[in-house]
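Participant: For reference, this is model21.txt, and it has compact mmCIF, C-alpha atoms.
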# COMPACT_ATOMS: atom_id res chain seq x y z
CA MET A 1 0.00 0.00 0.00
CA THR A 2 1.35 3.41 -0.90
CA LEU A 3 1.01 5.94 1.86
CA PRO A 4 -1.12 9.08 1.65
CA ILE A 5 0.71 12.19 0.48
CA ALA A 6 1.34 13.46 4.02
CA GLU A 7 3.29 10.31 4.98
CA GLN A 8 5.35 10.31 1.80
CA ARG A 9 7.28 13.16 3.30
CA LEU A 10 8.51 10.89 6.09
CA ILE A 11 11.74 8.93 6.18
CA ALA A 12 12.74 6.52 8.92
CA CYS A 13 16.29 6.14 10.19
CA PRO A 14 17.43 2.72 8.88
CA ARG A 15 19.35 2.10 12.12
CA CYS A 16 16.91 3.18 14.85
CA ASP A 17 13.52 3.57 13.10
CA LEU A 18 13.02 7.20 14.20
CA LEU A 19 10.78 9.16 11.83
CA HIS A 20 12.04 12.36 10.22
CA LEU A 21 10.59 14.77 7.69
CA ASP A 22 12.24 14.52 4.29
CA PRO A 23 13.92 17.93 3.89
CA GLU A 24 13.77 17.60 0.10
CA ALA A 25 10.04 16.91 -0.07
CA GLY A 26 8.05 19.61 -1.79
CA GLU A 27 10.99 21.67 -2.96
CA ASP A 28 13.44 21.20 -5.78
CA SER A 29 16.68 21.36 -3.85
CA ALA A 30 18.52 18.46 -5.43
CA ASP A 31 21.74 20.37 -5.98
CA LEU A 32 22.36 21.63 -2.45
CA ASP A 33 25.20 20.27 -0.35
CA TYR A 34 24.22 19.21 3.14
CA THR A 35 24.26 16.29 5.55
CA VAL A 36 21.25 15.12 7.50
CA ARG A 37 21.84 12.96 10.54
CA CYS A 38 19.35 11.01 12.62
CA ALA A 39 18.26 13.10 15.63
CA ARG A 40 18.55 10.10 17.97
CA CYS A 41 21.37 7.78 16.82
CA HIS A 42 23.27 10.25 14.57
CA ALA A 43 23.46 7.85 11.62
CA VAL A 44 23.85 9.74 8.32
CA LEU A 45 20.46 9.77 6.60
CA MET A 46 21.50 11.71 3.52
CA ALA A 47 24.51 13.66 2.32
CA PRO A 48 23.86 14.96 -1.19
CA ARG A 49 26.65 16.88 -2.93
CA THR A 50 26.75 18.73 -6.19
CA GLY A 51 28.35 16.59 -8.88
CA ALA A 52 28.63 13.55 -6.61
CA PHE A 53 27.30 11.16 -9.28
CA THR A 54 30.08 12.14 -11.68
CA GLN A 55 32.75 11.94 -8.98
CA VAL A 56 31.60 8.56 -7.70
CA PHE A 57 31.31 7.20 -11.25
CA VAL A 58 34.82 8.37 -12.18
CA LEU A 59 36.25 6.97 -8.94
CA ALA A 60 34.56 3.60 -9.53
CA VAL A 61 35.98 3.36 -13.05
CA THR A 62 39.43 4.45 -11.81
CA ALA A 63 39.30 1.75 -9.15
CA LEU A 64 38.43 -0.87 -11.76
CA ILE A 65 41.39 0.13 -13.94
CA LEU A 66 43.72 0.07 -10.93
CA MET A 67 42.40 -3.38 -10.02
CA VAL A 68 43.31 -4.72 -13.49
CA ALA A 69 46.80 -3.24 -13.09
CA ALA A 70 47.13 -4.70 -9.59
CA VAL A 71 46.27 -8.19 -10.82
CA TYR A 72 48.53 -8.24 -13.90
CA PHE A 73 51.70 -6.42 -12.86
CA PRO A 74 54.27 -7.97 -10.54
CA PHE A 75 53.40 -7.35 -6.91
CA LEU A 76 56.51 -8.15 -4.86
CA ASP A 77 59.91 -9.74 -5.53
CA LEU A 78 61.85 -11.56 -2.86
CA GLN A 79 65.62 -12.05 -3.16
CA VAL A 80 67.77 -14.06 -0.79
CA ALA A 81 71.14 -15.74 -1.40
CA GLY A 82 70.86 -15.44 -5.19
CA LEU A 83 67.39 -16.93 -5.29
CA THR A 84 64.48 -14.84 -6.49
CA ASN A 85 60.77 -15.36 -6.12
CA LYS A 86 58.44 -13.14 -8.09
CA THR A 87 54.98 -12.80 -6.65
CA SER A 88 51.86 -11.42 -8.25
CA LEU A 89 48.50 -10.86 -6.60
CA LEU A 90 47.40 -14.10 -8.24
CA ASP A 91 50.18 -15.99 -6.42
CA ALA A 92 48.97 -14.59 -3.11
CA ILE A 93 45.49 -15.86 -3.90
CA LEU A 94 46.79 -19.27 -4.96
CA ALA A 95 48.90 -19.60 -1.78
CA PHE A 96 46.12 -21.68 -0.26
CA SER A 97 45.47 -23.78 -3.34
CA SER A 98 47.00 -27.00 -2.03
CA GLY A 99 44.55 -29.61 -0.74
CA LEU A 100 42.42 -28.77 2.27
CA LEU A 101 43.03 -25.05 2.11
CA LEU A 102 41.59 -24.61 -1.41
CA PRO A 103 38.33 -22.97 -0.23
CA LEU A 104 40.43 -20.26 1.38
CA SER A 105 41.93 -19.45 -2.03
CA PHE A 106 38.45 -18.75 -3.36
CA ALA A 107 37.66 -16.67 -0.29
CA VAL A 108 40.82 -14.55 -0.61
CA ALA A 109 40.21 -14.09 -4.36
CA ALA A 110 36.68 -12.94 -3.60
CA LEU A 111 37.55 -10.62 -0.72
CA ILE A 112 40.43 -8.75 -2.33
CA VAL A 113 39.74 -8.87 -6.08
CA LEU A 114 36.31 -10.14 -7.17
CA ILE A 115 34.02 -8.46 -4.63
CA PRO A 116 35.68 -5.01 -4.78
CA ALA A 117 35.69 -5.17 -8.60
CA LEU A 118 32.07 -6.31 -8.76
CA ARG A 119 31.06 -3.51 -6.39
CA PHE A 120 32.73 -0.79 -8.47
CA ALA A 121 31.29 -2.25 -11.66
CA ALA A 122 27.79 -2.34 -10.16
CA VAL A 123 28.04 1.29 -8.99
CA ALA A 124 29.36 2.42 -12.40
CA TYR A 125 26.53 0.51 -14.13
CA THR A 126 23.95 2.21 -11.88
CA LEU A 127 25.30 5.74 -12.23
CA TRP A 128 26.23 5.96 -15.92
CA PRO A 129 22.66 6.55 -17.23
CA LEU A 130 21.78 8.77 -14.25
CA LEU A 131 24.74 11.01 -15.07
CA ARG A 132 23.41 11.66 -18.55
CA ALA A 133 19.85 12.13 -17.26
CA ARG A 134 18.65 8.99 -19.02
CA PRO A 135 16.39 6.28 -17.56
CA PRO A 136 18.44 3.71 -15.61
CA PHE A 137 19.65 0.50 -17.25
CA ARG A 138 17.74 -2.73 -16.71
CA HIS A 139 18.21 -4.24 -13.26
CA ALA A 140 19.95 -1.07 -12.06
CA ARG A 141 18.18 -1.35 -8.68
CA LYS A 142 19.32 -4.95 -8.29
CA MET A 143 22.88 -3.97 -9.17
CA PHE A 144 22.97 -1.11 -6.70
CA ARG A 145 21.46 -3.32 -3.99
CA LEU A 146 24.17 -5.87 -4.74
CA ALA A 147 26.82 -3.15 -4.39
CA GLU A 148 25.37 -2.27 -0.99
CA VAL A 149 25.24 -5.87 0.23
CA LEU A 150 28.85 -6.46 -0.85
CA ARG A 151 30.14 -3.36 0.94
CA PRO A 152 31.41 -4.99 4.17
CA TRP A 153 32.93 -7.89 2.20
CA ALA A 154 35.29 -5.80 0.07
CA MET A 155 38.53 -6.02 2.01
CA ALA A 156 41.15 -4.35 -0.18
CA GLU A 157 42.23 -1.94 2.58
CA ILE A 158 42.60 -4.76 5.09
CA PHE A 159 44.70 -6.73 2.60
CA ILE A 160 47.15 -3.87 2.16
CA VAL A 161 47.70 -3.68 5.93
CA GLY A 162 48.24 -7.45 5.89
CA VAL A 163 50.88 -6.99 3.17
CA ALA A 164 52.63 -4.35 5.28
CA VAL A 165 52.74 -6.73 8.25
CA ALA A 166 54.09 -9.54 6.05
CA LEU A 167 56.80 -7.22 4.69
CA VAL A 168 57.98 -6.41 8.20
CA LYS A 169 58.05 -10.12 9.03
CA VAL A 170 60.39 -11.01 6.15
CA ALA A 171 62.33 -7.73 6.06
CA GLY A 172 65.13 -9.09 8.24
CA LEU A 173 65.53 -12.33 6.30
CA ALA A 174 65.55 -11.21 2.68
CA SER A 175 65.52 -8.18 0.45
CA ILE A 176 62.26 -7.27 -1.17
CA SER A 177 61.53 -5.13 -4.18
CA ILE A 178 58.11 -3.62 -4.55
CA GLY A 179 56.46 -3.91 -7.96
CA PRO A 180 53.99 -1.59 -9.74
CA ALA A 181 51.02 -3.74 -8.69
CA PHE A 182 51.70 -2.89 -5.06
CA TRP A 183 51.43 0.84 -5.75
CA ALA A 184 48.38 0.28 -7.96
CA PHE A 185 46.74 -1.53 -5.08
CA CYS A 186 47.62 1.24 -2.60
CA ALA A 187 46.09 3.79 -4.97
CA LEU A 188 43.04 1.57 -5.27
CA VAL A 189 42.55 1.63 -1.50
CA VAL A 190 42.64 5.45 -1.47
CA VAL A 191 40.26 5.71 -4.45
CA ALA A 192 37.87 3.22 -2.83
CA ALA A 193 37.81 5.26 0.39
CA LEU A 194 36.98 8.46 -1.53
CA HIS A 195 34.34 6.57 -3.52
CA ASP A 196 32.57 5.41 -0.35
CA ASN A 197 32.86 8.86 1.18
CA PHE A 198 31.28 10.74 -1.72
CA MET A 199 28.42 8.35 -2.23
CA CYS A 200 25.01 9.34 -0.90
CA ARG A 201 22.81 6.26 -1.06
CA TRP A 202 19.64 8.21 -0.37
CA THR A 203 20.16 10.39 -3.45
CA ILE A 204 21.00 7.40 -5.67
CA TRP A 205 17.90 5.46 -4.59
CA LYS A 206 15.76 8.52 -5.09
CA SER A 207 17.18 9.23 -8.55
CA LEU A 208 16.73 5.60 -9.57
CA GLU A 209 13.09 5.83 -8.57
CA GLN A 210 12.38 9.20 -10.14
CA SER A 211 14.15 8.65 -13.44
CA SER A 212 12.55 5.25 -14.03
CA GLY A 213 9.17 6.97 -13.87
CA MET B 1 10.30 11.22 19.21
CA MET B 2 8.22 8.81 17.19
CA THR B 3 9.41 5.70 15.42
CA ALA B 4 7.92 4.18 12.31
CA ARG B 5 6.73 1.27 14.42
CA THR B 6 4.91 3.35 17.05
CA ALA B 7 3.31 5.36 14.26
CA GLY B 8 2.01 2.12 12.76
CA PHE B 9 4.30 2.13 9.73
CA VAL B 10 6.94 -0.20 8.33
CA ALA B 11 10.21 1.40 7.23
CA CYS B 12 12.70 0.09 4.69
CA ASP B 13 16.01 -0.50 6.48
CA ARG B 14 18.00 0.07 3.29
CA CYS B 15 16.62 3.31 1.89
CA GLY B 16 14.47 4.69 4.74
CA LEU B 17 11.17 4.93 2.90
CA VAL B 18 8.06 4.55 5.06
CA TYR B 19 5.11 2.29 4.18
CA GLY B 20 1.81 1.13 5.63
CA GLN B 21 1.70 -2.08 7.69
CA ASP B 22 0.55 -4.29 4.81
CA SER B 23 3.43 -3.53 2.42
CA ALA B 24 5.86 -6.38 1.78
CA ILE B 25 8.47 -4.99 -0.60
CA CYS B 26 10.00 -1.53 -0.89
CA THR B 27 8.98 0.03 -4.20
CA ARG B 28 12.10 2.22 -4.27
CA CYS B 29 14.93 -0.25 -3.64
CA GLY B 30 13.22 -3.64 -3.77
CA SER B 31 14.18 -4.75 -0.23
CA VAL B 32 11.90 -7.02 1.77
CA LEU B 33 10.14 -4.91 4.39
CA ALA B 34 9.97 -5.91 8.05
CA SER B 35 9.35 -3.68 11.03
CA ARG B 36 12.08 -5.64 12.86
CA ALA B 37 14.23 -8.30 11.17
CA PRO B 38 12.51 -11.64 11.87
CA LEU B 39 14.36 -13.96 14.28
CA SER B 40 17.17 -11.40 14.50
CA LEU B 41 18.41 -12.44 17.96
CA GLN B 42 18.24 -16.16 17.19
CA ARG B 43 20.15 -15.76 13.94
CA THR B 44 22.76 -13.56 15.61
CA MET B 45 23.19 -16.11 18.37
CA ALA B 46 23.53 -18.99 15.88
CA TRP B 47 26.24 -17.21 13.86
CA LEU B 48 28.04 -16.24 17.08
CA ILE B 49 28.16 -19.81 18.32
CA ALA B 50 29.38 -20.97 14.91
CA GLY B 51 32.07 -18.29 15.07
CA LEU B 52 33.13 -19.36 18.54
CA ILE B 53 33.37 -23.02 17.44
CA ALA B 54 35.58 -22.03 14.50
CA TYR B 55 37.69 -19.78 16.71
CA LEU B 56 38.91 -22.64 18.95
CA PRO B 57 40.82 -24.68 16.32
CA ALA B 58 42.08 -21.40 14.89
CA ASN B 59 44.06 -20.90 18.08
CA ILE B 60 45.10 -24.53 18.68
CA TYR B 61 46.34 -25.51 15.22
CA PRO B 62 49.28 -23.89 13.42
CA MET B 63 48.70 -20.85 11.26
CA LEU B 64 52.12 -20.92 9.56
CA LEU B 65 54.49 -23.75 8.63
CA THR B 66 58.00 -22.42 8.19
CA SER B 67 60.84 -24.59 6.97
CA THR B 68 64.42 -23.51 6.39
CA LEU B 69 67.58 -25.51 5.70
CA PHE B 70 68.02 -26.26 9.36
CA GLU B 71 64.63 -26.38 10.98
CA ARG B 72 60.91 -26.86 10.53
CA GLN B 73 58.67 -24.72 12.63
CA GLU B 74 54.93 -24.57 13.14
CA SER B 75 53.46 -21.51 14.76
CA THR B 76 50.00 -20.70 16.02
CA ILE B 77 48.52 -17.20 16.11
CA VAL B 78 49.86 -16.50 19.61
CA GLU B 79 53.31 -17.89 18.76
CA GLY B 80 53.38 -15.64 15.70
CA VAL B 81 52.89 -12.61 17.93
CA VAL B 82 55.54 -13.79 20.41
CA ASP B 83 57.94 -14.29 17.47
CA LEU B 84 57.44 -10.71 16.35
CA VAL B 85 58.13 -9.44 19.85
CA HIS B 86 61.39 -11.45 19.94
CA HIS B 87 62.42 -9.83 16.66
CA GLY B 88 61.80 -6.45 18.23
CA SER B 89 58.97 -5.50 15.86
CA TYR B 90 56.74 -4.24 18.65
CA GLY B 91 54.49 -2.11 16.47
CA VAL B 92 53.64 -4.94 14.09
CA ALA B 93 53.35 -7.40 16.99
CA PHE B 94 50.78 -5.05 18.49
CA ILE B 95 48.79 -4.83 15.22
CA VAL B 96 48.67 -8.62 14.85
CA PHE B 97 47.88 -9.10 18.55
CA PHE B 98 45.10 -6.56 18.33
CA ALA B 99 43.63 -7.85 15.04
CA SER B 100 43.76 -11.58 15.78
CA ILE B 101 43.25 -11.76 19.54
CA VAL B 102 41.78 -8.58 21.02
CA ILE B 103 39.25 -7.85 18.24
CA PRO B 104 37.80 -11.39 17.97
CA LEU B 105 37.48 -11.84 21.74
CA GLY B 106 36.09 -8.34 22.24
CA LYS B 107 33.66 -8.94 19.38
CA PHE B 108 32.34 -12.17 20.91
CA MET B 109 31.83 -10.54 24.30
CA ALA B 110 30.18 -7.42 22.87
CA MET B 111 27.81 -9.39 20.65
CA PHE B 112 26.77 -11.84 23.40
CA TYR B 113 26.23 -8.87 25.70
CA LEU B 114 24.08 -7.06 23.11
CA VAL B 115 21.91 -10.13 22.45
CA PHE B 116 21.33 -10.74 26.17
CA ALA B 117 20.78 -7.05 26.88
CA VAL B 118 18.04 -6.80 24.24
CA ARG B 119 16.47 -10.09 25.27
CA ARG B 120 16.46 -9.48 29.02
CA HIS B 121 15.70 -5.76 28.77
CA TRP B 122 18.79 -4.84 30.77
CA ALA B 123 18.93 -1.18 31.65
CA LEU B 124 21.70 0.75 29.94
CA LYS B 125 21.81 3.69 27.64
CA SER B 126 20.79 2.68 24.11
CA GLN B 127 23.28 5.15 22.73
CA GLN B 128 26.15 3.16 24.30
CA ARG B 129 24.83 -0.13 22.94
CA HIS B 130 24.42 1.39 19.53
CA VAL B 131 28.00 2.67 19.52
CA MET B 132 29.09 -0.81 20.62
CA LEU B 133 27.33 -2.44 17.67
CA GLU B 134 28.80 0.11 15.26
CA ILE B 135 32.29 -0.60 16.56
CA VAL B 136 31.73 -4.35 16.20
CA GLU B 137 30.42 -3.92 12.65
CA PHE B 138 33.19 -1.55 11.63
CA ILE B 139 36.16 -3.20 13.29
CA GLY B 140 35.17 -6.88 13.00
CA ARG B 141 36.34 -7.15 9.39
CA TRP B 142 39.87 -6.10 10.35
CA SER B 143 40.50 -9.47 12.02
CA MET B 144 41.03 -10.78 8.50
CA ILE B 145 44.53 -9.19 8.51
CA ASP B 146 46.23 -12.34 9.76
CA VAL B 147 44.73 -14.49 6.99
CA PHE B 148 46.10 -12.04 4.40
CA VAL B 149 49.50 -12.00 6.13
CA VAL B 150 49.62 -15.78 5.83
CA ALA B 151 48.56 -15.61 2.15
CA ILE B 152 51.27 -13.09 1.27
CA LEU B 153 53.99 -14.84 3.28
CA SER B 154 53.22 -18.22 1.72
CA ALA B 155 53.22 -16.76 -1.78
CA LEU B 156 56.38 -14.76 -1.21
CA VAL B 157 58.60 -17.16 0.67
CA GLN B 158 58.87 -20.12 -1.72
CA LEU B 159 62.63 -20.64 -2.15
CA ASP B 160 62.80 -24.43 -2.60
CA THR B 161 64.99 -25.86 0.12
CA VAL B 162 66.36 -22.61 1.54
CA ALA B 163 63.18 -21.32 3.01
CA THR B 164 59.50 -21.97 2.49
CA ILE B 165 56.44 -20.79 4.32
CA ASN B 166 53.14 -22.62 3.96
CA PRO B 167 49.73 -21.94 5.44
CA GLY B 168 48.38 -24.10 8.24
CA VAL B 169 44.82 -25.31 8.84
CA ALA B 170 44.20 -22.61 11.43
CA ALA B 171 44.06 -20.07 8.59
CA VAL B 172 40.84 -21.67 7.32
CA SER B 173 39.12 -21.86 10.69
CA PHE B 174 40.21 -18.33 11.59
CA ALA B 175 38.82 -16.97 8.31
CA LEU B 176 35.57 -18.88 8.93
CA SER B 177 35.36 -17.45 12.43
CA VAL B 178 35.71 -13.89 11.10
CA VAL B 179 33.07 -14.52 8.41
CA PHE B 180 30.62 -16.03 10.95
CA THR B 181 30.98 -13.12 13.37
CA MET B 182 30.52 -10.62 10.53
CA LEU B 183 27.28 -12.42 9.65
CA ALA B 184 26.30 -12.31 13.34
CA ALA B 185 26.79 -8.54 13.44
CA GLN B 186 24.77 -8.13 10.22
CA SER B 187 21.94 -10.28 11.60
CA LEU B 188 21.43 -8.09 14.64
CA ASP B 189 18.77 -5.50 13.79
CA PRO B 190 19.98 -2.25 15.41
CA ARG B 191 16.38 -1.07 15.71
CA LEU B 192 15.86 -3.71 18.43
CA ILE B 193 18.44 -1.92 20.57
CA TRP B 194 16.52 1.34 20.29
CA ASP B 195 13.16 -0.24 21.08
CA GLU B 196 14.38 -0.52 24.67
CA ALA B 197 14.94 3.23 24.82
CA GLU B 198 11.41 3.74 23.73
CA THR B 199 9.96 1.68 26.55
CA GLU B 200 12.17 3.51 29.05
CA ALA B 201 10.82 6.84 27.82
CA GLU B 202 7.30 5.48 27.98
CA ALA B 203 7.87 4.32 31.53
CA GLU B 204 9.09 7.79 32.46
CA ALA B 205 6.06 9.37 30.81
CA ARG B 206 3.74 7.14 32.78
CA ALA B 207 5.45 7.82 36.11
Please rewrite the model in this file as structure tokens.

Facilitator:
Amino acid sequence: MTLPIAEQRLIACPRCDLLHLDPEAGEDSADLDYTVRCARCHAVLMAPRTGAFTQVFVLAVTALILMVAAVYFPFLDLQVAGLTNKTSLLDAILAFSSGLLLPLSFAVAALIVLIPALRFAAVAYTLWPLLRARPPFRHARKMFRLAEVLRPWAMAEIFIVGVAVALVKVAGLASISIGPAFWAFCALVVVAALHDNFMCRWTIWKSLEQSSG
Amino acid sequence: MMTARTAGFVACDRCGLVYGQDSAICTRCGSVLASRAPLSLQRTMAWLIAGLIAYLPANIYPMLLTSTLFERQESTIVEGVVDLVHHGSYGVAFIVFFASIVIPLGKFMAMFYLVFAVRRHWALKSQQRHVMLEIVEFIGRWSMIDVFVVAILSALVQLDTVATINPGVAAVSFALSVVFTMLAAQSLDPRLIWDEAETEAEAEARA
């Protein structure tokens, strides 16, 4: 059942259920920059920003390109006593591929490469038509919901801290040279943080609804 | 202060839109609507227990198998931290200690406390409980650090007979434990925590 007009101006805090009046209802203020927080639990309800769609889209695409670079270029080289071992991100994923530990290989692949990439792709897919003021692509809502569900499972930033710890552990035993993929991955972490920061979910959901008619 | 529930509405917990009681699916984002997530406490409890079961072998079995020309060494999570301290890398030892021991244990205690507090209507400020849940949700994922450390070390240190590092079984059970507790945190509907505050306020109003 759709609510009467009066109740359509209400939004509820997703975290504590407190009702608020939608500050955008009734007026065309879509290009103002502001942040609305829940009066009780202080969760961010909306944080629209001018040009945010473009920024988030560009950041998502940048992150995807960096991810491709991070997977294909050499990640780290280890040299000790004339022996060298070149490691790519793929090798790190396949570290668990022997026997019992195989499922962990899939998990690591998902957490550091597949899920982050899928998330950026889903966000880019959702925003591209909205940017050009066109109706959203098919299944855009499903894709954006997927991006939201995957959010806690994208662990690129945790992986990079793990790499730093590992480097300290072997630093005394061998010399290590850092490859381009390592820097690509570091850049990816920064871009992903900006991407999450600029994104206002409320505005995206609202635009998806309005532009699909 | 009025919540969607006290006003007789159902709110979407993904996009915040408010509907009448008989709506089942959010027309804006397509989420399934429920005033409070069904069986939230039970599901949280189930994931927590699963996480705790996986956490035990994670600490008993070796996380890393190191072999050099002269020796073969197996080390558990705790031994890994002790090793780092012996090497004088106190900062990194602290990060690993915090991520693989303090965070998981703290997370278990906080989540069990939250479930019991909601269930038994224990008196405490909802704001504090809410902050607690946010910390658990935000910080819980960082326990995964040790699994990634093991992955990188085992990929990097593969120098035939001179030195090799291989992952141990504990890596799998530790990763499972982190995943289960993340699912536990996601299963707990934060709105349940705030429902307590509402009844407190109502009690005050009546008095």

Participant: Would you pick out the contacts of segment 8-16 of chain B at 7 Å or less, using only C-alpha atoms, so that residues sharing its chain but fewer than 5 positions from it are not included, and give the list as a list of chain:residue names?

Facilitator: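 Result of the neighbour search: A:Ile11, A:Ala12, A:Cys13, A:Pro14, A:Trp202, A:Trp205, B:Gln21, B:Cys26, B:Cys29, B:Leu33, B:Ala34, B:Ser35.
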
Participant: Have a look at B:Ala163, B:Thr27, B:Ser100, B:Val115 and name the one nearest to Gln210 of chain A; count all atoms listed in the file.

Facilitator: B:Thr27

Participant: For Glu148 of chain A, which of A:Val36, A:Ala122, A:Val163, A:Cys41 is the closest residue, counting all atoms listed in the file?

Facilitator: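 Checking each of A:Val36, A:Ala122, A:Val163, A:Cys41 against Glu148 of chain A, counting all atoms listed in the file, the winner is A:Ala122.
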
Participant: Mind giving me the straight-line distance from atom CA of Asp33 of chain A to atom CA of Arg49 of chain A in Å, one decimal?

Facilitator: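 Atom CA of Arg49 of chain A lies 4.5 Å from atom CA of Asp33 of chain A.
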
Participant: Skip Phe108 of chain B itself and residues of its chain fewer than 6 positions away, then list as a ChimeraX atom specification all residues within 9 Å of it, counting all atoms listed in the file.

Facilitator: /B:48,51-52,181

Participant: Enumerate, in order of chain and increasing residue number, the residues of chain B with an atom no farther than 7 Å from chain A, each with its shortest atom pair and distance in Å to one decimal, counting only C-alpha atoms, as JSON lines.

Facilitator:
{"residue": "B:Met1", "atom": "CA", "partner": "A:Leu18", "partner_atom": "CA", "distance": 7.0}
{"residue": "B:Met2", "atom": "CA", "partner": "A:Leu18", "partner_atom": "CA", "distance": 5.9}
{"residue": "B:Thr3", "atom": "CA", "partner": "A:Leu18", "partner_atom": "CA", "distance": 4.1}
{"residue": "B:Ala4", "atom": "CA", "partner": "A:Asp17", "partner_atom": "CA", "distance": 5.7}
{"residue": "B:Ala11", "atom": "CA", "partner": "A:Ala12", "partner_atom": "CA", "distance": 6.0}
{"residue": "B:Cys12", "atom": "CA", "partner": "A:Pro14", "partner_atom": "CA", "distance": 6.8}
{"residue": "B:Asp13", "atom": "CA", "partner": "A:Pro14", "partner_atom": "CA", "distance": 4.3}
{"residue": "B:Arg14", "atom": "CA", "partner": "A:Pro14", "partner_atom": "CA", "distance": 6.2}
{"residue": "B:Cys15", "atom": "CA", "partner": "A:Trp202", "partner_atom": "CA", "distance": 6.2}
{"residue": "B:Gly16", "atom": "CA", "partner": "A:Ala12", "partner_atom": "CA", "distance": 4.9}
{"residue": "B:Leu17", "atom": "CA", "partner": "A:Ile11", "partner_atom": "CA", "distance": 5.2}
{"residue": "B:Val18", "atom": "CA", "partner": "A:Ile11", "partner_atom": "CA", "distance": 5.8}
{"residue": "B:Tyr19", "atom": "CA", "partner": "A:Leu3", "partner_atom": "CA", "distance": 6.0}
{"residue": "B:Gly20", "atom": "CA", "partner": "A:Met1", "partner_atom": "CA", "distance": 6.0}
{"residue": "B:Asp22", "atom": "CA", "partner": "A:Met1", "partner_atom": "CA", "distance": 6.5}
{"residue": "B:Ser23", "atom": "CA", "partner": "A:Met1", "partner_atom": "CA", "distance": 5.5}
{"residue": "B:Arg28", "atom": "CA", "partner": "A:Glu209", "partner_atom": "CA", "distance": 5.7}
{"residue": "B:Cys29", "atom": "CA", "partner": "A:Arg141", "partner_atom": "CA", "distance": 6.1}
{"residue": "B:Val92", "atom": "CA", "partner": "A:Val165", "partner_atom": "CA", "distance": 6.2}
{"residue": "B:Gln127", "atom": "CA", "partner": "A:Cys41", "partner_atom": "CA", "distance": 6.7}
{"residue": "B:Trp142", "atom": "CA", "partner": "A:Ile158", "partner_atom": "CA", "distance": 6.1}
{"residue": "B:Ile145", "atom": "CA", "partner": "A:Gly162", "partner_atom": "CA", "distance": 4.9}
{"residue": "B:Asp146", "atom": "CA", "partner": "A:Gly162", "partner_atom": "CA", "distance": 6.6}
{"residue": "B:Phe148", "atom": "CA", "partner": "A:Gly162", "partner_atom": "CA", "distance": 5.3}
{"residue": "B:Val149", "atom": "CA", "partner": "A:Gly162", "partner_atom": "CA", "distance": 4.7}
{"residue": "B:Ala151", "atom": "CA", "partner": "A:Ala92", "partner_atom": "CA", "distance": 5.4}
{"residue": "B:Ile152", "atom": "CA", "partner": "A:Ala92", "partner_atom": "CA", "distance": 5.2}
{"residue": "B:Leu153", "atom": "CA", "partner": "A:Ala166", "partner_atom": "CA", "distance": 6.0}
{"residue": "B:Ser154", "atom": "CA", "partner": "A:Ala95", "partner_atom": "CA", "distance": 5.7}
{"residue": "B:Ala155", "atom": "CA", "partner": "A:Ala92", "partner_atom": "CA", "distance": 5.0}
{"residue": "B:Leu156", "atom": "CA", "partner": "A:Thr87", "partner_atom": "CA", "distance": 5.9}
{"residue": "B:Gln158", "atom": "CA", "partner": "A:Asn85", "partner_atom": "CA", "distance": 6.8}
{"residue": "B:Leu159", "atom": "CA", "partner": "A:Leu83", "partner_atom": "CA", "distance": 6.8}
{"residue": "B:Pro167", "atom": "CA", "partner": "A:Phe96", "partner_atom": "CA", "distance": 6.8}
{"residue": "B:Val169", "atom": "CA", "partner": "A:Leu101", "partner_atom": "CA", "distance": 7.0}
{"residue": "B:Val172", "atom": "CA", "partner": "A:Leu104", "partner_atom": "CA", "distance": 6.1}
{"residue": "B:Pro190", "atom": "CA", "partner": "A:Arg15", "partner_atom": "CA", "distance": 5.5}
{"residue": "B:Arg191", "atom": "CA", "partner": "A:Cys16", "partner_atom": "CA", "distance": 4.4}
{"residue": "B:Trp194", "atom": "CA", "partner": "A:Cys16", "partner_atom": "CA", "distance": 5.8}

Participant: Grab the atom CA of Met143 of chain A to atom CA of Ala46 of chain B distance for me, in Å with one decimal place.

Facilitator: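 Going from atom CA of Met143 of chain A over to atom CA of Ala46 of chain B covers 29.2 Å.
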
Participant: My list of candidates is A:Ile178, A:Ala109, A:Val68, A:Leu127. Which is closest to Ser211 of chain A when distances are computed with all atoms listed in the file?

Facilitator: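 That would be A:Leu127, the residue with the smallest distance to Ser211 of chain A.
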
Participant: So what do you get for atom CA of Leu188 of chain A versus atom CA of Leu64 of chain A, distance-wise?

Facilitator: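 Straight-line distance from atom CA of Leu188 of chain A to atom CA of Leu64 of chain A works out to 8.3 Å.
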
Participant: Just want the 6 Å neighbourhood of Ile165 of chain B, counted on only C-alpha atoms, with same-chain residues fewer than 5 positions away dropped. Output as a PyMOL selection string.

Facilitator: chain B and resi 65-66+154+157

Participant: Just checking: using all atoms listed in the file, which residue out of B:Phe94, B:Val131, B:Arg36, B:Leu69 ends up closest to Asp189 of chain B?

Facilitator: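 Checking each candidate against Asp189 of chain B, we get B:Arg36 as the closest.
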
Participant: Using only C-alpha atoms, determine which residues lie at most 12 Å from Gln128 of chain B, disregarding the query and same-chain residues fewer than 6 positions distant; provide the list as JSON, numbers by chain.

Facilitator: {"A": [41], "B": [110, 114, 117, 134, 135, 193, 194, 197]}
